[in-house]
Amino acid sequence: MSKLPVIFLMGPTAAGKTALAIELCEHLKTEIISVDSALIYKGMDIGTAKPDAQEQQVAPHHLIDFLDPSASYSVADFRRDAIAKIDEFHRQGKVPVLVGGTMMYFKSLIDGLSPLPEADVNIRLELEQQAKQHGWPHLHKELAKVDSQAAEKISENDSQRINRALEVYRITGQSMTELQKQKQPPLPYTFHQFAIAPDDRSELHARIEQRFKIMIEQGFEKEVSTLYIRKDLHPNMPSIRCVGYRQMWDYLAGEIDHDEMVFRGIAATRQLAKRQLTWLRSWPELTWLTTDDEENLHRVVSSLS
């Protein structure tokens with residue numbers, strides 16, 4: 001087991017994770033690894049609250065801004081890349097600080113992943129053709145016959161998850177539920193796990209609303225317009241389904257007006273924060289931080305001694 005620890009800094013969106021991580025970089029020999037499924041995309045800066053050039057100069061963030069929005073990036077891809085970065089920084093005598101709110105990414109490092117197969121383009125296209133002919137609810141019924149547990153958890157209109165579950169079955173002959181019971185061995189790291197969130201939910205909601213409106217002022221509409229005019233992007237892609245982007249996309253498509261876009265964008269961000277907090281409340285071995293920045297810094301630094 002590595003003598004150097006790995007710090008997890010988790011929390012809901014707009015909770016102040018990035019600011020604390022940058023402070024840690026100024027006080028410790030650390031490197032920041034982003035744990036965020038939206039920050040990976042190029043050209044998606046304002047809506048993801050990506051660290052700006054000044055913040056990056058003080059504390060470079062890794063695993064951000066490296067993928068075109070048309071590309072896919074799985075939990076397994078993140079796990080592989082994060083482990084490579086952790087090992088690299090440990091060899092340099094640095095403490096990796098993993099910061100973000102994509103809880104499945106964090107979970108993949110602690111619990112490992114089941115041996116699910118890589119995507120098969122031909123099978124996916126075949127399933128999409130069947131969906132066009134019969135509809136996704138029909139394919140959901142097919143899924144229920146081969147993997148009833150997965151079908152119970154997946155909406156009959158959740159095209160992406162139905163496609164993936166059926167794809168796994170057609171490739172392996174085993175259900176996703178069966179394969180997910182098989183896990184990799186634990187990683188040889190000591191994890192120090194922290195979560196940051198305001199005690200008062202209304203304070204978090206106010207922060208989310210304020211941040212979304214600031215994004216609008218910073219040119220979020222122009223940013224999404226650049227994506228909207230591309231022929232290779234559409235609303236069902238993971239990049240465009242990111243919170244805020246889907247709502248702005250609908251506005252640009254003329255489906256909703258500006259006020260409704262802002263309302264839906266803030267509501268979707270609050271729902272994301274709620275899901276993140278639900279994850280964290282059941283998270284084992286987690287230390288909750290306060291709203292006091294100085295105390296938070298002290299608690300994280302002192303945990304390493």
# chains A, B, ... in the order shown; residues from 1 in each chain; ligands from 1
>>> select_by_dssp(residues="segment 65-283 of chain A", states="strand (DSSP E)", output="ChimeraX atom specification")
/A:95-100,191-195
>>> write_last_selection(atoms="C-alpha atoms", output="short mmCIF file (atom, residue, chain, number, x, y, z; two decimals), in the first residue's frame")
data_model
loop_
_atom_site.label_atom_id
_atom_site.label_comp_id
_atom_site.auth_asym_id
_atom_site.auth_seq_id
_atom_site.Cartn_x
_atom_site.Cartn_y
_atom_site.Cartn_z
CA VAL A 95 -0.66 13.84 -2.56
CA PRO A 96 -3.45 13.53 -5.17
CA VAL A 97 -6.56 15.53 -4.32
CA LEU A 98 -9.58 14.20 -6.21
CA VAL A 99 -12.24 16.89 -6.44
CA GLY A 100 -15.73 16.77 -7.87
CA PHE A 191 -8.33 7.23 1.14
CA HIS A 192 -9.07 10.33 3.23
CA GLN A 193 -12.64 11.22 2.34
CA PHE A 194 -14.20 14.63 2.92
CA ALA A 195 -17.48 16.23 1.90
#
>>> closest_atom_pairs(of="segment 50-92 of chain A", to="segment 17-24 of chain A", cutoff="12 Å", atoms="only C-alpha atoms", output="JSON lines")
{"residue": "A:Lys50", "atom": "CA", "partner": "A:Thr18", "partner_atom": "CA", "distance": 9.4}
{"residue": "A:Pro51", "atom": "CA", "partner": "A:Thr18", "partner_atom": "CA", "distance": 7.9}
{"residue": "A:Asp52", "atom": "CA", "partner": "A:Thr18", "partner_atom": "CA", "distance": 11.1}
{"residue": "A:Gln54", "atom": "CA", "partner": "A:Ile22", "partner_atom": "CA", "distance": 11.0}
{"residue": "A:Glu55", "atom": "CA", "partner": "A:Ile22", "partner_atom": "CA", "distance": 7.5}
{"residue": "A:Gln56", "atom": "CA", "partner": "A:Ile22", "partner_atom": "CA", "distance": 9.0}
{"residue": "A:Gln57", "atom": "CA", "partner": "A:Ile22", "partner_atom": "CA", "distance": 10.2}
{"residue": "A:Val58", "atom": "CA", "partner": "A:Ile22", "partner_atom": "CA", "distance": 7.3}
{"residue": "A:Ala59", "atom": "CA", "partner": "A:Ile22", "partner_atom": "CA", "distance": 5.7}
{"residue": "A:Pro60", "atom": "CA", "partner": "A:Ile22", "partner_atom": "CA", "distance": 8.8}
{"residue": "A:His61", "atom": "CA", "partner": "A:Ile22", "partner_atom": "CA", "distance": 9.4}
>>> write_last_selection(atoms="N, CA and C atoms", output="CSV table (one decimal), in the first residue's frame")
chain,number,residue,atom,x,y,z
A,50,LYS,N,-15.8,25.5,-15.2
A,50,LYS,CA,-14.4,25.0,-15.3
A,50,LYS,C,-13.5,26.0,-14.7
A,51,PRO,N,-12.5,25.6,-14.0
A,51,PRO,CA,-11.5,26.5,-13.4
A,51,PRO,C,-10.9,27.4,-14.5
A,52,ASP,N,-10.8,28.7,-14.3
A,52,ASP,CA,-10.2,29.6,-15.3
A,52,ASP,C,-8.7,29.5,-15.4
A,54,GLN,N,-6.4,31.6,-14.5
A,54,GLN,CA,-5.7,32.0,-13.3
A,54,GLN,C,-5.7,30.9,-12.2
A,55,GLU,N,-6.9,30.3,-12.1
A,55,GLU,CA,-7.0,29.2,-11.1
A,55,GLU,C,-6.1,28.0,-11.5
A,56,GLN,N,-6.1,27.8,-12.8
A,56,GLN,CA,-5.3,26.7,-13.4
A,56,GLN,C,-3.8,26.9,-13.2
A,57,GLN,N,-3.4,28.2,-13.2
A,57,GLN,CA,-2.0,28.6,-13.0
A,57,GLN,C,-1.6,28.3,-11.6
A,58,VAL,N,-2.5,28.6,-10.7
A,58,VAL,CA,-2.2,28.4,-9.2
A,58,VAL,C,-2.2,26.9,-8.9
A,59,ALA,N,-3.2,26.3,-9.4
A,59,ALA,CA,-3.4,24.8,-9.1
A,59,ALA,C,-3.9,24.1,-10.4
A,60,PRO,N,-3.0,23.6,-11.2
A,60,PRO,CA,-3.4,22.9,-12.4
A,60,PRO,C,-4.4,21.7,-12.1
A,61,HIS,N,-5.4,21.6,-12.9
A,61,HIS,CA,-6.4,20.5,-12.7
A,61,HIS,C,-6.2,19.5,-13.8
>>> closest_atom_pairs(of="segment 20-137 of chain A", to="segment 169-180 of chain A", cutoff="9 Å", atoms="only C-alpha atoms", output="CSV")
residue,atom,partner,partner_atom,distance
A:Leu113,CA,A:Gln180,CA,7.3
A:Ser114,CA,A:Gln180,CA,4.6
A:Pro115,CA,A:Leu179,CA,6.4
A:Leu116,CA,A:Leu179,CA,6.6
A:Pro117,CA,A:Ile171,CA,7.4
A:Asp120,CA,A:Ile171,CA,8.0
A:Ile123,CA,A:Arg170,CA,7.8
>>> write_last_selection(atoms="all heavy atoms", output="PDB file, in the first residue's frame")
ATOM      1  N   LEU A 113     -14.920  -1.919 -10.455  1.00  0.00           N
ATOM      2  CA  LEU A 113     -15.965  -2.045 -11.459  1.00  0.00           C
ATOM      3  C   LEU A 113     -16.142  -3.495 -11.848  1.00  0.00           C
ATOM      4  O   LEU A 113     -15.211  -4.298 -11.769  1.00  0.00           O
ATOM      5  CB  LEU A 113     -15.596  -1.239 -12.715  1.00  0.00           C
ATOM      6  CG  LEU A 113     -15.611   0.281 -12.575  1.00  0.00           C
ATOM      7  CD1 LEU A 113     -15.048   0.910 -13.835  1.00  0.00           C
ATOM      8  CD2 LEU A 113     -17.014   0.794 -12.313  1.00  0.00           C
ATOM      9  N   SER A 114     -17.331  -3.811 -12.282  1.00  0.00           N
ATOM     10  CA  SER A 114     -17.590  -5.150 -12.795  1.00  0.00           C
ATOM     11  C   SER A 114     -17.021  -5.250 -14.206  1.00  0.00           C
ATOM     12  O   SER A 114     -16.827  -4.244 -14.882  1.00  0.00           O
ATOM     13  CB  SER A 114     -19.096  -5.422 -12.807  1.00  0.00           C
ATOM     14  OG  SER A 114     -19.762  -4.381 -13.484  1.00  0.00           O
ATOM     15  N   PRO A 115     -16.752  -6.460 -14.675  1.00  0.00           N
ATOM     16  CA  PRO A 115     -16.109  -6.646 -15.983  1.00  0.00           C
ATOM     17  C   PRO A 115     -17.084  -6.508 -17.148  1.00  0.00           C
ATOM     18  O   PRO A 115     -17.328  -7.452 -17.899  1.00  0.00           O
ATOM     19  CB  PRO A 115     -15.556  -8.070 -15.879  1.00  0.00           C
ATOM     20  CG  PRO A 115     -16.508  -8.777 -14.971  1.00  0.00           C
ATOM     21  CD  PRO A 115     -16.941  -7.742 -13.959  1.00  0.00           C
ATOM     22  N   LEU A 116     -17.641  -5.321 -17.294  1.00  0.00           N
ATOM     23  CA  LEU A 116     -18.575  -5.089 -18.392  1.00  0.00           C
ATOM     24  C   LEU A 116     -17.806  -4.907 -19.707  1.00  0.00           C
ATOM     25  O   LEU A 116     -16.722  -4.330 -19.715  1.00  0.00           O
ATOM     26  CB  LEU A 116     -19.424  -3.856 -18.120  1.00  0.00           C
ATOM     27  CG  LEU A 116     -20.342  -3.930 -16.892  1.00  0.00           C
ATOM     28  CD1 LEU A 116     -21.044  -2.597 -16.692  1.00  0.00           C
ATOM     29  CD2 LEU A 116     -21.363  -5.044 -17.058  1.00  0.00           C
ATOM     30  N   PRO A 117     -18.359  -5.376 -20.805  1.00  0.00           N
ATOM     31  CA  PRO A 117     -17.657  -5.296 -22.093  1.00  0.00           C
ATOM     32  C   PRO A 117     -17.641  -3.884 -22.659  1.00  0.00           C
ATOM     33  O   PRO A 117     -18.465  -3.040 -22.284  1.00  0.00           O
ATOM     34  CB  PRO A 117     -18.461  -6.230 -22.985  1.00  0.00           C
ATOM     35  CG  PRO A 117     -19.849  -6.150 -22.426  1.00  0.00           C
ATOM     36  CD  PRO A 117     -19.668  -6.037 -20.930  1.00  0.00           C
ATOM     37  N   ASP A 120     -20.244  -2.036 -28.379  1.00  0.00           N
ATOM     38  CA  ASP A 120     -20.215  -2.635 -29.705  1.00  0.00           C
ATOM     39  C   ASP A 120     -21.099  -1.787 -30.619  1.00  0.00           C
ATOM     40  O   ASP A 120     -22.327  -1.771 -30.466  1.00  0.00           O
ATOM     41  CB  ASP A 120     -20.717  -4.081 -29.651  1.00  0.00           C
ATOM     42  CG  ASP A 120     -20.597  -4.802 -30.978  1.00  0.00           C
ATOM     43  OD1 ASP A 120     -21.105  -4.271 -31.986  1.00  0.00           O
ATOM     44  OD2 ASP A 120     -20.009  -5.900 -31.012  1.00  0.00           O
ATOM     45  N   ILE A 123     -24.018  -3.590 -32.537  1.00  0.00           N
ATOM     46  CA  ILE A 123     -25.148  -3.982 -31.696  1.00  0.00           C
ATOM     47  C   ILE A 123     -25.961  -2.758 -31.287  1.00  0.00           C
ATOM     48  O   ILE A 123     -27.199  -2.788 -31.272  1.00  0.00           O
ATOM     49  CB  ILE A 123     -24.658  -4.768 -30.460  1.00  0.00           C
ATOM     50  CG1 ILE A 123     -24.134  -6.147 -30.893  1.00  0.00           C
ATOM     51  CG2 ILE A 123     -25.777  -4.932 -29.430  1.00  0.00           C
ATOM     52  CD1 ILE A 123     -23.565  -6.979 -29.776  1.00  0.00           C
TER      53      ILE A 123
END
>>> select_by_dssp(residues="segment 204-285 of chain A", states="helix (DSSP H, G or I)", output="PyMOL selection string")
chain A and resi 204-218+220-228+245-252+258-281
>>> atom_distance(atom1="atom CA of Glu221 of chain A", atom2="atom CA of Asp257 of chain A")
12.6 Å
>>> residues_around(residues="segment 34-44 of chain A", least_positions_apart="3", cutoff="8 Å", atoms="only C-alpha atoms", output="ChimeraX atom specification")
/A:47-48,50,61-69,98-102,105-106,223-224,239,242
>>> atom_distance(atom1="atom CA of Gln149 of chain A", atom2="atom CA of Ala273 of chain A")
26.5 Å
>>> residues_around(residues="Pro235 of chain A", least_positions_apart="4", cutoff="10 Å", atoms="only C-alpha atoms", output="number ranges by chain")
A: 228, 239-242, 245-247, 249-250
>>> residues_around(residues="segment 259-270 of chain A", least_positions_apart="5", cutoff="10 Å", atoms="only C-alpha atoms", output="VMD selection string")
chain A and resid 12 to 14 201 204 to 213 216 242 to 252 275 to 276
>>> closest_residue(among="A:Gln129, A:Thr190, A:Ser72, A:Ser108", to="His90 of chain A", atoms="only C-alpha atoms")
A:Thr190
>>> closest_residue(among="A:Arg124, A:Pro137, A:Pro185, A:Val300", to="Asn163 of chain A", atoms="only C-alpha atoms")
A:Arg124
>>> atom_distance(atom1="atom CA of Val121 of chain A", atom2="atom CA of Gln160 of chain A")
13.3 Å
>>> closest_residue(among="A:Arg79, A:Lys107, A:Arg161, A:Lys153", to="Leu139 of chain A", atoms="only C-alpha atoms")
A:Arg161
>>> closest_residue(among="A:Ala53, A:Leu286, A:Asp87, A:Gly11", to="Tyr189 of chain A", atoms="only C-alpha atoms")
A:Asp87
>>> residues_around(residues="Ser159 of chain A", least_positions_apart="4", cutoff="10 Å", atoms="only C-alpha atoms", output="list in words")
Leu127, Glu128, Ala131, Gly135, Trp136, Pro137, Leu139, His140, Ile154, Ser155, Asn163, Arg164 and Asn236 of chain A
>>> residues_around(residues="Glu142 of chain A", least_positions_apart="5", cutoff="10 Å", atoms="only C-alpha atoms", output="list of chain:residue names")
A:Trp136, A:Pro137, A:Asp147, A:Ser148, A:Ala151, A:Ile162, A:Leu166
>>> closest_residue(among="A:Ala84, A:Met103, A:Val168, A:Ile110", to="Gln184 of chain A", atoms="only C-alpha atoms")
A:Ile110
>>> closest_residue(among="A:Asn296, A:Leu233, A:Met10, A:Asn122", to="Met104 of chain A", atoms="only C-alpha atoms")
A:Met10
